[in-house]
Structure formats: structure tokens, C-alpha cells
$ cat data14.json   # JSON, C-alpha atoms
[["chain", "number", "residue", "atom", "x", "y", "z"],
["A", 240, "MET", "CA", -161.48, 48.22, 92.50],
["A", 241, "LYS", "CA", -163.06, 49.33, 89.33],
["A", 242, "ASP", "CA", -161.09, 52.55, 89.42],
["A", 243, "ASP", "CA", -157.82, 50.67, 89.90],
["A", 244, "ARG", "CA", -158.59, 48.55, 86.96],
["A", 245, "ILE", "CA", -159.38, 51.59, 84.85],
["A", 246, "PHE", "CA", -156.22, 53.24, 86.00],
["A", 247, "LYS", "CA", -154.14, 50.23, 85.10],
["A", 248, "GLU", "CA", -155.60, 50.01, 81.65],
["A", 249, "LEU", "CA", -154.93, 53.69, 81.09],
["A", 250, "LEU", "CA", -151.38, 53.24, 82.34],
["A", 251, "ASP", "CA", -150.76, 50.30, 80.04],
["A", 252, "LYS", "CA", -152.09, 52.21, 77.12],
["A", 253, "TYR", "CA", -149.95, 55.11, 78.07],
["A", 254, "MET", "CA", -146.87, 52.99, 78.52],
["A", 255, "ASP", "CA", -147.48, 51.21, 75.25],
["A", 256, "GLY", "CA", -147.86, 54.50, 73.54],
["A", 257, "ALA", "CA", -144.87, 55.96, 75.26],
["A", 258, "LEU", "CA", -142.64, 52.96, 74.50],
["A", 259, "ARG", "CA", -143.76, 52.88, 70.90],
["A", 260, "ASP", "CA", -142.83, 56.47, 70.46],
["A", 261, "PRO", "CA", -139.95, 56.65, 67.99],
["A", 262, "SER", "CA", -138.11, 59.15, 70.10],
["A", 263, "VAL", "CA", -138.31, 56.87, 73.08],
["A", 264, "GLN", "CA", -137.06, 53.96, 70.94],
["A", 265, "ARG", "CA", -134.22, 56.08, 69.68],
["A", 266, "ASP", "CA", -133.30, 57.16, 73.19],
["A", 267, "LYS", "CA", -133.45, 53.57, 74.31],
["A", 268, "GLU", "CA", -131.06, 52.36, 71.67],
["A", 269, "GLU", "CA", -128.78, 55.30, 72.36],
["A", 270, "PHE", "CA", -128.83, 54.48, 76.03],
["A", 271, "ILE", "CA", -127.96, 50.86, 75.40],
["A", 272, "ARG", "CA", -125.25, 51.78, 72.96],
["A", 273, "ASP", "CA", -123.69, 54.26, 75.37],
["A", 274, "HIS", "CA", -123.88, 52.24, 78.55],
["A", 275, "PHE", "CA", -123.52, 48.70, 77.47],
["A", 276, "ALA", "CA", -120.47, 47.53, 75.54],
["A", 277, "PRO", "CA", -121.40, 45.48, 72.54],
["A", 278, "VAL", "CA", -120.02, 41.94, 72.10],
["A", 279, "PRO", "CA", -116.56, 42.17, 70.56],
["A", 280, "PRO", "CA", -116.81, 40.98, 67.01],
["A", 281, "SER", "CA", -113.31, 39.37, 67.12],
["A", 282, "ILE", "CA", -114.38, 36.98, 69.82],
["A", 283, "ALA", "CA", -117.35, 36.01, 67.79],
["A", 284, "ASN", "CA", -115.21, 35.46, 64.75],
["A", 285, "ILE", "CA", -112.75, 33.38, 66.70],
["A", 286, "ALA", "CA", -115.52, 31.36, 68.11],
["A", 287, "SER", "CA", -117.08, 30.88, 64.73],
["A", 288, "VAL", "CA", -113.78, 29.69, 63.28],
["A", 289, "SER", "CA", -112.26, 27.93, 66.22],
["A", 290, "VAL", "CA", -115.18, 25.69, 66.94],
["A", 291, "PRO", "CA", -115.06, 23.86, 63.60],
["A", 292, "ALA", "CA", -111.28, 23.79, 63.78],
["A", 293, "LEU", "CA", -111.33, 22.32, 67.22],
["A", 294, "ALA", "CA", -113.90, 19.86, 66.04],
["A", 295, "LEU", "CA", -111.67, 18.81, 63.20],
["A", 296, "ILE", "CA", -108.69, 18.48, 65.52],
["A", 297, "ALA", "CA", -110.71, 16.43, 67.92],
["A", 298, "LEU", "CA", -111.88, 14.26, 65.07],
["A", 299, "PHE", "CA", -108.31, 13.84, 63.93],
["A", 300, "PHE", "CA", -107.16, 12.73, 67.33],
["A", 301, "LEU", "CA", -110.10, 10.44, 67.59],
["A", 302, "VAL", "CA", -109.27, 8.78, 64.29],
["A", 303, "TRP", "CA", -105.58, 8.76, 65.12],
["A", 304, "GLN", "CA", -106.25, 6.88, 68.30],
["A", 305, "PHE", "CA", -108.22, 4.23, 66.50],
["A", 306, "PHE", "CA", -106.01, 4.17, 63.40],
["A", 307, "PRO", "CA", -103.24, 1.95, 64.84],
["A", 308, "THR", "CA", -105.77, -0.72, 65.63],
["A", 309, "ALA", "CA", -106.64, -0.90, 61.94],
["A", 310, "GLN", "CA", -103.00, -1.47, 60.97],
["A", 311, "PRO", "CA", -101.51, -4.97, 60.89],
["A", 312, "ILE", "CA", -99.75, -5.74, 64.05],
["A", 313, "ILE", "CA", -96.05, -5.94, 63.37],
["A", 314, "LYS", "CA", -94.27, -7.71, 66.08],
["A", 315, "GLU", "CA", -90.64, -6.98, 66.38],
["A", 316, "GLU", "CA", -88.82, -10.27, 66.47],
["A", 317, "PRO", "CA", -86.21, -10.49, 69.10],
["A", 318, "ALA", "CA", -82.67, -10.17, 67.83],
["A", 319, "PHE", "CA", -81.38, -13.57, 66.75],
["A", 320, "GLU", "CA", -78.37, -14.42, 68.75],
["A", 321, "ARG", "CA", -76.13, -16.68, 66.70],
["A", 322, "THR", "CA", -74.36, -18.55, 69.32],
["A", 323, "THR", "CA", -71.65, -21.04, 68.56],
["A", 324, "ALA", "CA", -74.03, -23.93, 69.03],
["A", 325, "ALA", "CA", -76.50, -22.37, 66.63],
["A", 326, "LEU", "CA", -73.81, -21.82, 64.04],
["A", 327, "GLU", "CA", -72.62, -25.39, 64.38],
["A", 328, "GLN", "CA", -76.18, -26.60, 63.93],
["A", 329, "MET", "CA", -76.55, -24.47, 60.84],
["A", 330, "ALA", "CA", -73.28, -25.81, 59.48],
["A", 331, "GLU", "CA", -74.42, -29.37, 60.03],
["A", 332, "GLU", "CA", -77.72, -28.65, 58.32],
["A", 333, "SER", "CA", -75.94, -27.06, 55.38],
["A", 334, "VAL", "CA", -73.68, -30.08, 55.11],
["A", 335, "VAL", "CA", -76.69, -32.33, 55.11],
["A", 336, "VAL", "CA", -78.26, -30.30, 52.32],
["A", 337, "GLN", "CA", -75.09, -30.50, 50.31],
["A", 338, "GLU", "CA", -74.99, -34.22, 50.72],
["A", 339, "LYS", "CA", -78.47, -34.51, 49.27],
["A", 340, "ILE", "CA", -77.39, -32.91, 46.01],
["A", 341, "GLU", "CA", -76.87, -35.61, 43.49],
["A", 342, "GLU", "CA", -73.87, -35.02, 41.36],
["A", 343, "LYS", "CA", -74.31, -35.79, 37.75],
["A", 344, "PRO", "CA", -71.83, -38.35, 36.55],
["A", 345, "GLU", "CA", -69.32, -36.97, 34.17],
["A", 346, "ILE", "CA", -69.63, -38.24, 30.66],
["A", 347, "GLU", "CA", -66.49, -40.11, 29.91],
["A", 348, "VAL", "CA", -65.67, -40.85, 26.33],
["A", 349, "ASP", "CA", -63.32, -43.74, 26.00],
["A", 350, "TYR", "CA", -61.17, -42.84, 23.07],
["A", 351, "PRO", "CA", -58.62, -45.31, 21.75],
["A", 352, "PRO", "CA", -54.99, -44.45, 22.43],
["A", 353, "VAL", "CA", -54.70, -43.19, 18.89],
["A", 354, "TYR", "CA", -57.66, -42.01, 16.92],
["A", 355, "VAL", "CA", -57.85, -40.23, 13.64],
["A", 356, "LYS", "CA", -59.93, -37.07, 13.60],
["A", 357, "ARG", "CA", -59.55, -36.42, 9.92],
["A", 358, "ALA", "CA", -57.89, -38.05, 6.93],
["A", 359, "SER", "CA", -57.96, -37.03, 3.30],
["A", 360, "SER", "CA", -55.85, -37.19, 0.18],
["A", 361, "ARG", "CA", -55.70, -35.49, -3.20],
["A", 362, "THR", "CA", -53.83, -38.34, -4.84],
["A", 363, "GLY", "CA", -55.81, -41.42, -3.94],
["A", 364, "ASN", "CA", -57.96, -43.25, -1.46],
["A", 365, "VAL", "CA", -57.17, -43.18, 2.21],
["A", 366, "MET", "CA", -57.57, -46.15, 4.48],
["A", 367, "VAL", "CA", -57.39, -45.93, 8.24],
["A", 368, "TYR", "CA", -57.23, -49.07, 10.24],
["A", 369, "GLN", "CA", -56.10, -50.28, 13.60],
["A", 370, "LYS", "CA", -54.64, -53.56, 14.63],
["A", 371, "THR", "CA", -54.03, -54.60, 18.20],
["A", 372, "MET", "CA", -50.58, -55.94, 18.68],
["A", 373, "ASP", "CA", -49.43, -57.08, 22.11],
["A", 374, "GLN", "CA", -52.57, -55.51, 23.54],
["A", 375, "THR", "CA", -51.54, -52.23, 21.97],
["A", 376, "PRO", "CA", -53.64, -50.85, 19.15],
["A", 377, "VAL", "CA", -51.56, -49.66, 16.26],
["A", 378, "THR", "CA", -53.03, -47.10, 13.90],
["A", 379, "ILE", "CA", -52.18, -46.96, 10.24],
["A", 380, "ILE", "CA", -53.15, -44.29, 7.78],
["A", 381, "TRP", "CA", -52.48, -45.56, 4.30],
["A", 382, "VAL", "CA", -52.89, -43.84, 0.98],
["A", 383, "PHE", "CA", -53.35, -45.73, -2.24],
["A", 384, "PRO", "CA", -51.92, -43.38, -4.85],
["A", 385, "GLY", "CA", -54.01, -43.21, -7.99],
["A", 386, "GLY", "CA", -56.92, -44.80, -6.25],
["A", 387, "HIS", "CA", -55.65, -48.34, -6.46],
["B", 233, "MET", "CA", -57.75, 4.33, 44.16],
["B", 234, "ARG", "CA", -58.62, 4.20, 40.51],
["B", 235, "SER", "CA", -54.96, 4.19, 39.52],
["B", 236, "VAL", "CA", -54.28, 1.30, 41.89],
["B", 237, "MET", "CA", -57.11, -0.67, 40.30],
["B", 238, "VAL", "CA", -55.79, 0.05, 36.83],
["B", 239, "VAL", "CA", -52.28, -1.02, 37.80],
["B", 240, "ALA", "CA", -53.59, -4.18, 39.45],
["B", 241, "SER", "CA", -55.66, -5.02, 36.35],
["B", 242, "ILE", "CA", -52.68, -4.51, 34.07],
["B", 243, "LEU", "CA", -50.58, -6.67, 36.37],
["B", 244, "CYS", "CA", -53.18, -9.44, 36.35],
["B", 245, "ILE", "CA", -53.45, -9.33, 32.56],
["B", 246, "PHE", "CA", -49.68, -9.43, 32.28],
["B", 247, "VAL", "CA", -49.36, -12.40, 34.64],
["B", 248, "MET", "CA", -52.18, -14.26, 32.90],
["B", 249, "SER", "CA", -50.72, -13.69, 29.47],
["B", 250, "PHE", "CA", -47.29, -14.70, 30.73],
["B", 251, "SER", "CA", -48.61, -17.93, 32.24],
["B", 252, "ILE", "CA", -50.52, -18.69, 29.04],
["B", 253, "SER", "CA", -47.45, -18.05, 26.96],
["B", 254, "VAL", "CA", -45.39, -20.25, 29.27],
["B", 255, "GLN", "CA", -47.95, -23.04, 28.91],
["B", 256, "ALA", "CA", -48.06, -22.60, 25.17],
["B", 257, "ALA", "CA", -44.30, -22.52, 25.03],
["B", 258, "GLU", "CA", -43.99, -26.07, 26.30],
["B", 259, "PRO", "CA", -43.12, -28.04, 23.17],
["B", 260, "GLU", "CA", -44.21, -31.57, 22.44],
["B", 261, "ARG", "CA", -41.57, -33.89, 21.15],
["B", 262, "VAL", "CA", -42.45, -36.14, 18.27],
["B", 263, "ILE", "CA", -40.06, -38.67, 16.81],
["B", 264, "VAL", "CA", -40.44, -39.19, 13.07],
["B", 265, "THR", "CA", -38.96, -42.34, 11.62],
["B", 266, "VAL", "CA", -38.79, -42.54, 7.84],
["B", 267, "LEU", "CA", -38.88, -46.02, 6.36],
["B", 268, "SER", "CA", -39.01, -47.40, 2.87],
["B", 269, "ALA", "CA", -40.65, -50.70, 2.12],
["B", 270, "SER", "CA", -40.31, -52.92, -0.95],
["B", 271, "ASN", "CA", -40.68, -56.45, -2.10],
["B", 272, "GLU", "CA", -37.09, -56.70, -3.28],
["B", 273, "GLY", "CA", -35.08, -58.89, -0.97],
["B", 274, "ASN", "CA", -35.65, -59.68, 2.68],
["B", 275, "ASP", "CA", -33.46, -57.12, 4.31],
["B", 276, "PHE", "CA", -34.50, -55.40, 7.50],
["B", 277, "ASN", "CA", -32.28, -52.42, 7.90],
["B", 278, "LEU", "CA", -33.77, -50.92, 11.00],
["B", 279, "GLU", "CA", -32.16, -49.24, 13.95],
["B", 280, "ASN", "CA", -35.07, -50.18, 16.17],
["B", 281, "ASP", "CA", -35.87, -53.89, 16.06],
["B", 282, "ALA", "CA", -39.12, -53.21, 17.84],
["B", 283, "TYR", "CA", -40.55, -52.10, 14.52],
["B", 284, "LYS", "CA", -39.64, -55.33, 12.78],
["B", 285, "ASP", "CA", -42.41, -57.52, 14.17],
["B", 286, "LYS", "CA", -44.95, -54.79, 13.81],
["B", 287, "LEU", "CA", -44.03, -54.09, 10.22],
["B", 288, "ILE", "CA", -44.21, -57.76, 9.36],
["B", 289, "GLU", "CA", -47.66, -58.04, 10.88],
["B", 290, "LEU", "CA", -48.95, -54.80, 9.47],
["B", 291, "PHE", "CA", -47.63, -54.82, 5.92],
["B", 292, "SER", "CA", -46.91, -57.37, 3.28],
["B", 293, "TYR", "CA", -43.56, -56.03, 2.15],
["B", 294, "SER", "CA", -40.52, -58.21, 2.41],
["B", 295, "ALA", "CA", -37.79, -55.59, 2.86],
["B", 296, "TYR", "CA", -37.66, -52.52, 5.04],
["B", 297, "GLU", "CA", -35.06, -49.85, 5.35],
["B", 298, "GLN", "CA", -34.83, -47.06, 7.85],
["B", 299, "LEU", "CA", -33.86, -43.91, 6.02],
["B", 300, "GLU", "CA", -33.99, -41.29, 8.71],
["B", 301, "GLN", "CA", -35.10, -40.57, 12.22],
["B", 302, "THR", "CA", -35.79, -37.06, 13.37],
["B", 303, "SER", "CA", -36.92, -35.61, 16.63],
["B", 304, "VAL", "CA", -39.15, -32.58, 16.28],
["B", 305, "GLU", "CA", -40.18, -30.17, 18.99],
["B", 306, "LEU", "CA", -43.68, -29.08, 18.16],
["B", 307, "SER", "CA", -45.09, -25.83, 19.45],
["B", 308, "ARG", "CA", -48.74, -25.03, 19.19],
["B", 309, "ALA", "CA", -49.88, -23.79, 15.78],
["B", 310, "GLU", "CA", -46.33, -23.78, 14.53],
["B", 311, "ARG", "CA", -45.63, -25.60, 11.30],
["B", 312, "ASN", "CA", -42.61, -27.87, 11.22],
["B", 313, "THR", "CA", -41.55, -29.05, 7.82],
["B", 314, "ILE", "CA", -39.38, -32.10, 7.48],
["B", 315, "ALA", "CA", -37.87, -32.62, 4.07],
["B", 316, "LEU", "CA", -38.07, -36.19, 2.87],
["B", 317, "LEU", "CA", -36.59, -37.79, -0.18],
["B", 318, "GLU", "CA", -37.76, -37.26, -3.75],
["B", 319, "ASN", "CA", -39.63, -33.98, -3.34],
["B", 320, "CYS", "CA", -41.58, -35.34, -0.43],
["B", 321, "GLU", "CA", -42.09, -33.39, 2.75],
["B", 322, "LEU", "CA", -43.87, -33.86, 6.01],
["B", 323, "VAL", "CA", -45.50, -30.89, 7.71],
["B", 324, "LEU", "CA", -46.39, -31.35, 11.36],
["B", 325, "THR", "CA", -48.50, -28.86, 13.30],
["B", 326, "LEU", "CA", -49.41, -29.22, 16.93],
["B", 327, "GLN", "CA", -53.06, -28.35, 17.22],
["B", 328, "GLY", "CA", -53.35, -28.86, 20.93],
["B", 329, "THR", "CA", -53.01, -31.06, 23.94],
["B", 330, "GLU", "CA", -55.85, -32.66, 25.86],
["B", 331, "ASN", "CA", -55.85, -35.15, 28.73],
["B", 332, "GLY", "CA", -52.39, -36.49, 28.10],
["B", 333, "ARG", "CA", -52.90, -36.50, 24.37],
["B", 334, "ILE", "CA", -51.44, -34.46, 21.61],
["B", 335, "VAL", "CA", -53.41, -33.51, 18.57],
["B", 336, "VAL", "CA", -51.19, -33.27, 15.52],
["B", 337, "GLU", "CA", -51.93, -32.36, 11.96],
["B", 338, "ALA", "CA", -49.70, -34.32, 9.64],
["B", 339, "VAL", "CA", -49.51, -33.50, 5.95],
["B", 340, "ILE", "CA", -47.39, -35.42, 3.48],
["B", 341, "ARG", "CA", -46.76, -33.64, 0.21],
["B", 342, "LYS", "CA", -45.09, -34.94, -2.89],
["B", 343, "ASP", "CA", -44.42, -32.60, -5.78],
["B", 344, "HIS", "CA", -46.55, -30.00, -3.98],
["B", 345, "LYS", "CA", -49.55, -32.32, -3.93],
["B", 346, "GLU", "CA", -51.17, -33.45, -0.76],
["B", 347, "VAL", "CA", -50.66, -37.16, -0.54],
["B", 348, "VAL", "CA", -52.29, -37.30, 2.86],
["B", 349, "ASN", "CA", -53.73, -34.73, 5.20],
["B", 350, "THR", "CA", -54.73, -36.03, 8.58],
["B", 351, "VAL", "CA", -55.30, -34.97, 12.15],
["B", 352, "ILE", "CA", -54.35, -37.55, 14.74],
["B", 353, "SER", "CA", -54.90, -37.60, 18.48],
["B", 354, "ILE", "CA", -52.20, -39.65, 20.16],
["B", 355, "LEU", "CA", -52.27, -40.67, 23.80],
["B", 356, "LYS", "CA", -48.76, -40.38, 25.10],
["B", 357, "PRO", "CA", -46.83, -42.57, 24.76],
["B", 358, "GLY", "CA", -48.20, -43.70, 21.45],
["B", 359, "ALA", "CA", -47.41, -44.11, 17.79],
["B", 360, "ALA", "CA", -49.13, -43.91, 14.44],
["B", 361, "PHE", "CA", -48.07, -45.10, 11.01],
["B", 362, "LEU", "CA", -48.51, -43.05, 7.87],
["B", 363, "GLY", "CA", -47.73, -44.51, 4.49],
["B", 364, "GLY", "CA", -48.49, -44.93, 0.90],
["B", 365, "PRO", "CA", -46.50, -42.60, -1.27],
["B", 366, "ILE", "CA", -44.62, -44.57, -3.88],
["B", 367, "LEU", "CA", -41.08, -43.60, -4.59],
["B", 368, "GLN", "CA", -39.32, -43.84, -7.93],
["B", 369, "ASP", "CA", -37.91, -47.29, -7.32],
["B", 370, "GLU", "CA", -41.39, -48.61, -6.45],
["B", 371, "LYS", "CA", -40.65, -48.45, -2.80],
["B", 372, "ALA", "CA", -43.37, -47.32, -0.43],
["B", 373, "LEU", "CA", -42.73, -44.56, 2.02],
["B", 374, "ILE", "CA", -43.74, -45.25, 5.62],
["B", 375, "LEU", "CA", -43.56, -42.70, 8.40],
["B", 376, "VAL", "CA", -43.79, -43.62, 12.07],
["B", 377, "LEU", "CA", -44.85, -40.82, 14.38],
["B", 378, "GLU", "CA", -44.10, -41.41, 18.03],
["B", 379, "ALA", "CA", -45.22, -39.07, 20.79],
["B", 380, "GLY", "CA", -44.33, -39.11, 24.45],
["B", 381, "TYR", "CA", -41.21, -41.23, 24.18]]
$ encode --input "data14.json" --output "C-alpha cells"
Amino acid sequence: MKDDRIFKELLDKYMDGALRDPSVQRDKEEFIRDHFAPVPPSIANIASVSVPALALIALFFLVWQFFPTAQPIIKEEPAFERTTAALEQMAEESVVVQEKIEEKPEIEVDYPPVYVKRASSRTGNVMVYQKTMDQTPVTIIWVFPGGH
Amino acid sequence: MRSVMVVASILCIFVMSFSISVQAAEPERVIVTVLSASNEGNDFNLENDAYKDKLIELFSYSAYEQLEQTSVELSRAERNTIALLENCELVLTLQGTENGRIVVEAVIRKDHKEVVNTVISILKPGAAFLGGPILQDEKALILVLEAGY
């Protein structure tokens, strides 16, 4: 038993020494390089780029799915069918509205049958007077020459 | 399309101007009666007796004589001069028509002086009296303007 244990210790020491030998390490790396294909760098690059991109796309779709719920709900009103009855009702309503409008009374100026807008003279005083005769007003424009 | 619009516009303007000119072309007839009044005698020499009572009530003269009666067709803004006796003249100008009325400017001149210058609105049929100028024989000149008769 003791000999086995001694043998094992010697073997471990030997193996450690053998594995730590630079030539063995070099052969090991050469062996791995020759017999095992390394990981393609393109796949790694794609993975390194595609993962964030896919994450962004997923985030976009996630937001896009919830985005409509944040918008005001616009209900499309059904097309208004103006039937004859509806048009008649509208016409009646419009007539009613028109009837409610109060028309301003027209200002009527009651002028006499004959009225003088202007009267002047360069030779004397002017007198304008009216006298009703047989219910008919008669207008006279009289000049007093020389002012008398 | 543009040429059609231009032609239509010109046509509209032409029709509008024609209608306006037709409306403006309608003359207004005014009858001018020239009277002289004095205190000499009691004669009433009038063709229209309807004036007699009115003249008696309106004026204090004792004698009246109708000198002339003229019918004048007045067009808008057109001066119509009526020669009266003794260097007197009457110039009538139709200023417009409104609601059955005519608006007339009447100017009486004597020796190139304005004896009276007035603008009268007369509801047709209607009449207005203008007077005052003294003639050489101390007679007063009275004009009766009648519209719509």
C-alpha cells in the first residue's frame, strides 16, 4: 500500500512536470489547433450583433402592441343615412329656427308729400312754408328780394 | 374656358350698363306754370281754375295772370333751362327718384343772379310753388311745379 502511494506521488509529480514542459504545451496547442476547428468568428459576430438587434425588435413589437391602448379610442360613426323622413325633419327644424329670428322693423320716415331739402337765395330772404288745403299740403318757397 | 368667362363677364357688364342706362333714360315730366301776381285789379286770367282758390288762400294779391305753361321732360343730372320774362330763367335738374318721389333742383335766376336755389322732393302727383322775384311793373313772379300729372 505504501509503495502504491509512493508510486502515485511520483507519477503525479512526473505528470505535472511533463505537462508543464513547454514543449508538451506547445504540442498540445498544436494538436488542438490541427484537430479541432475553432469557433467561426463570423457566427460570434452575428451573435454579438443580432442579439441586441433582436432585443430591440422585440422591444419595438412589445411597445407597438401596447401603443394602441394608449391612443384615444376613435370610434367610427356609422354612415348617416339621410332618409326622406330625416330630411323632412331637418327642414321642419330649420323652419322653426327661422321663425324664431326676430326681424327688425324697418325704420319708416314719414316725409310730407313735398319737402324742401335745401333753399337759398343771393338776393333776399327765403321763406318756406306749407299750408294744408283740402287735406293736401301745399308747399311754397318764397323769396323776399332785398331782404324785405 | 378663360375666354368664355371673359366673354360672359363682358356680356354681363354690357347688359347691366344697358339696363342702368334704360332706367336712367326714363324722363320725369314736370309741368311748369308761370304766373304773375299783382294788386292791380281783380282779374284772374288762369287756364286752370283749380289754382284760383289756392292762390287766393296762399297769397294776398288781388290779380293773377297765367303767362305760360310748359311741360319739361327731365332726365337725371340734365339741366333744363326755361327762359322766363325779363331776363329771368328757371333751371330744373332732376337729381333722382326715390319711392315714388322725384328730387328736383330748381334755380331761378334774374340778371344772372340766383334769386332762389332749392332742392325739392315731390311725391307724385304733387306740386310746389316758387315765387318772389319782382318784375318791372311790380308784379310778382310765381312758378308752379307739378310732377306726376
$ closest_atom_pairs --input "data14.json" --of "chain B" --to "chain A" --cutoff "9 Å" --atoms "all atoms listed in the file" --output "CSV"
residue,atom,partner,partner_atom,distance
B:Lys286,CA,A:Met372,CA,7.5
B:Glu289,CA,A:Met372,CA,8.6
B:Leu290,CA,A:Lys370,CA,7.8
B:Arg333,CA,A:Pro352,CA,8.4
B:Val335,CA,A:Lys356,CA,8.9
B:Glu337,CA,A:Arg357,CA,8.9
B:Lys345,CA,A:Arg361,CA,7.0
B:Glu346,CA,A:Arg361,CA,5.5
B:Val347,CA,A:Ser360,CA,5.2
B:Val348,CA,A:Ser360,CA,4.5
B:Asn349,CA,A:Ser359,CA,5.2
B:Thr350,CA,A:Ala358,CA,4.1
B:Val351,CA,A:Arg357,CA,5.0
B:Ile352,CA,A:Val355,CA,4.5
B:Ser353,CA,A:Tyr354,CA,5.4
B:Ile354,CA,A:Val353,CA,4.5
B:Leu355,CA,A:Pro352,CA,4.9
B:Lys356,CA,A:Pro352,CA,7.9
B:Pro357,CA,A:Pro352,CA,8.7
B:Gly358,CA,A:Pro352,CA,6.9
B:Ala359,CA,A:Val377,CA,7.1
B:Ala360,CA,A:Thr378,CA,5.1
B:Phe361,CA,A:Ile379,CA,4.6
B:Leu362,CA,A:Ile380,CA,4.8
B:Gly363,CA,A:Trp381,CA,4.9
B:Gly364,CA,A:Val382,CA,4.5
B:Pro365,CA,A:Pro384,CA,6.5
B:Ile366,CA,A:Pro384,CA,7.5
B:Ile374,CA,A:Trp381,CA,8.8
$ residues_around --input "data14.json" --residues "Leu317 in chain B" --least-positions-apart "6" --cutoff "12 Å" --atoms "all atoms listed in the file" --output "NGL selection string"
:B and (266-268 or 299-300 or 340-343 or 365-369 or 371-374)
$ residues_around --input "data14.json" --residues "range 318-331 of chain B" --least-positions-apart "3" --cutoff "7 Å" --atoms "all atoms listed in the file" --output "number ranges by chain"
B: 306-315, 334-343
$ atom_distance --input "data14.json" --atom1 "CA of Arg261 in chain B" --atom2 "CA of Val304 in chain B"
5.6 Å
$ atom_distance --input "data14.json" --atom1 "CA of Thr302 in chain B" --atom2 "CA of Val264 in chain B"
5.1 Å
$ atom_distance --input "data14.json" --atom1 "CA of Ala282 in chain B" --atom2 "CA of Ser294 in chain B"
16.3 Å
$ decode --input "data14.json" --residues "range 298-310 of chain B" --atoms "N, CA and C atoms" --output "JSON list (two decimals), in the first residue's frame"
[["chain", "number", "residue", "atom", "x", "y", "z"],
["B", 298, "GLN", "N", -101.94, 134.04, -65.86],
["B", 298, "GLN", "CA", -101.08, 132.93, -66.30],
["B", 298, "GLN", "C", -100.35, 133.35, -67.55],
["B", 299, "LEU", "N", -99.04, 133.34, -67.48],
["B", 299, "LEU", "CA", -98.23, 133.78, -68.60],
["B", 299, "LEU", "C", -97.82, 132.62, -69.51],
["B", 300, "GLU", "N", -97.54, 131.51, -68.94],
["B", 300, "GLU", "CA", -97.02, 130.41, -69.75],
["B", 300, "GLU", "C", -97.18, 129.10, -69.01],
["B", 301, "GLN", "N", -97.28, 128.06, -69.75],
["B", 301, "GLN", "CA", -97.27, 126.71, -69.15],
["B", 301, "GLN", "C", -96.43, 125.80, -70.05],
["B", 302, "THR", "N", -95.46, 125.19, -69.44],
["B", 302, "THR", "CA", -94.52, 124.38, -70.20],
["B", 302, "THR", "C", -94.38, 123.00, -69.55],
["B", 303, "SER", "N", -94.31, 122.03, -70.40],
["B", 303, "SER", "CA", -94.06, 120.67, -69.91],
["B", 303, "SER", "C", -92.61, 120.30, -70.23],
["B", 304, "VAL", "N", -91.91, 119.89, -69.21],
["B", 304, "VAL", "CA", -90.48, 119.60, -69.36],
["B", 304, "VAL", "C", -90.23, 118.13, -69.02],
["B", 305, "GLU", "N", -89.50, 117.50, -69.88],
["B", 305, "GLU", "CA", -89.07, 116.11, -69.61],
["B", 305, "GLU", "C", -87.68, 116.17, -68.98],
["B", 306, "LEU", "N", -87.64, 115.79, -67.74],
["B", 306, "LEU", "CA", -86.36, 115.88, -67.02],
["B", 306, "LEU", "C", -85.65, 114.51, -67.01],
["B", 307, "SER", "N", -84.42, 114.55, -67.43],
["B", 307, "SER", "CA", -83.56, 113.36, -67.31],
["B", 307, "SER", "C", -82.56, 113.62, -66.19],
["B", 308, "ARG", "N", -82.11, 112.55, -65.62],
["B", 308, "ARG", "CA", -81.24, 112.67, -64.45],
["B", 308, "ARG", "C", -79.97, 113.45, -64.78],
["B", 309, "ALA", "N", -79.68, 114.41, -63.91],
["B", 309, "ALA", "CA", -78.46, 115.21, -63.98],
["B", 309, "ALA", "C", -78.38, 116.04, -65.25],
["B", 310, "GLU", "N", -79.50, 116.23, -65.90],
["B", 310, "GLU", "CA", -79.51, 117.03, -67.12],
["B", 310, "GLU", "C", -80.22, 118.35, -66.84]]
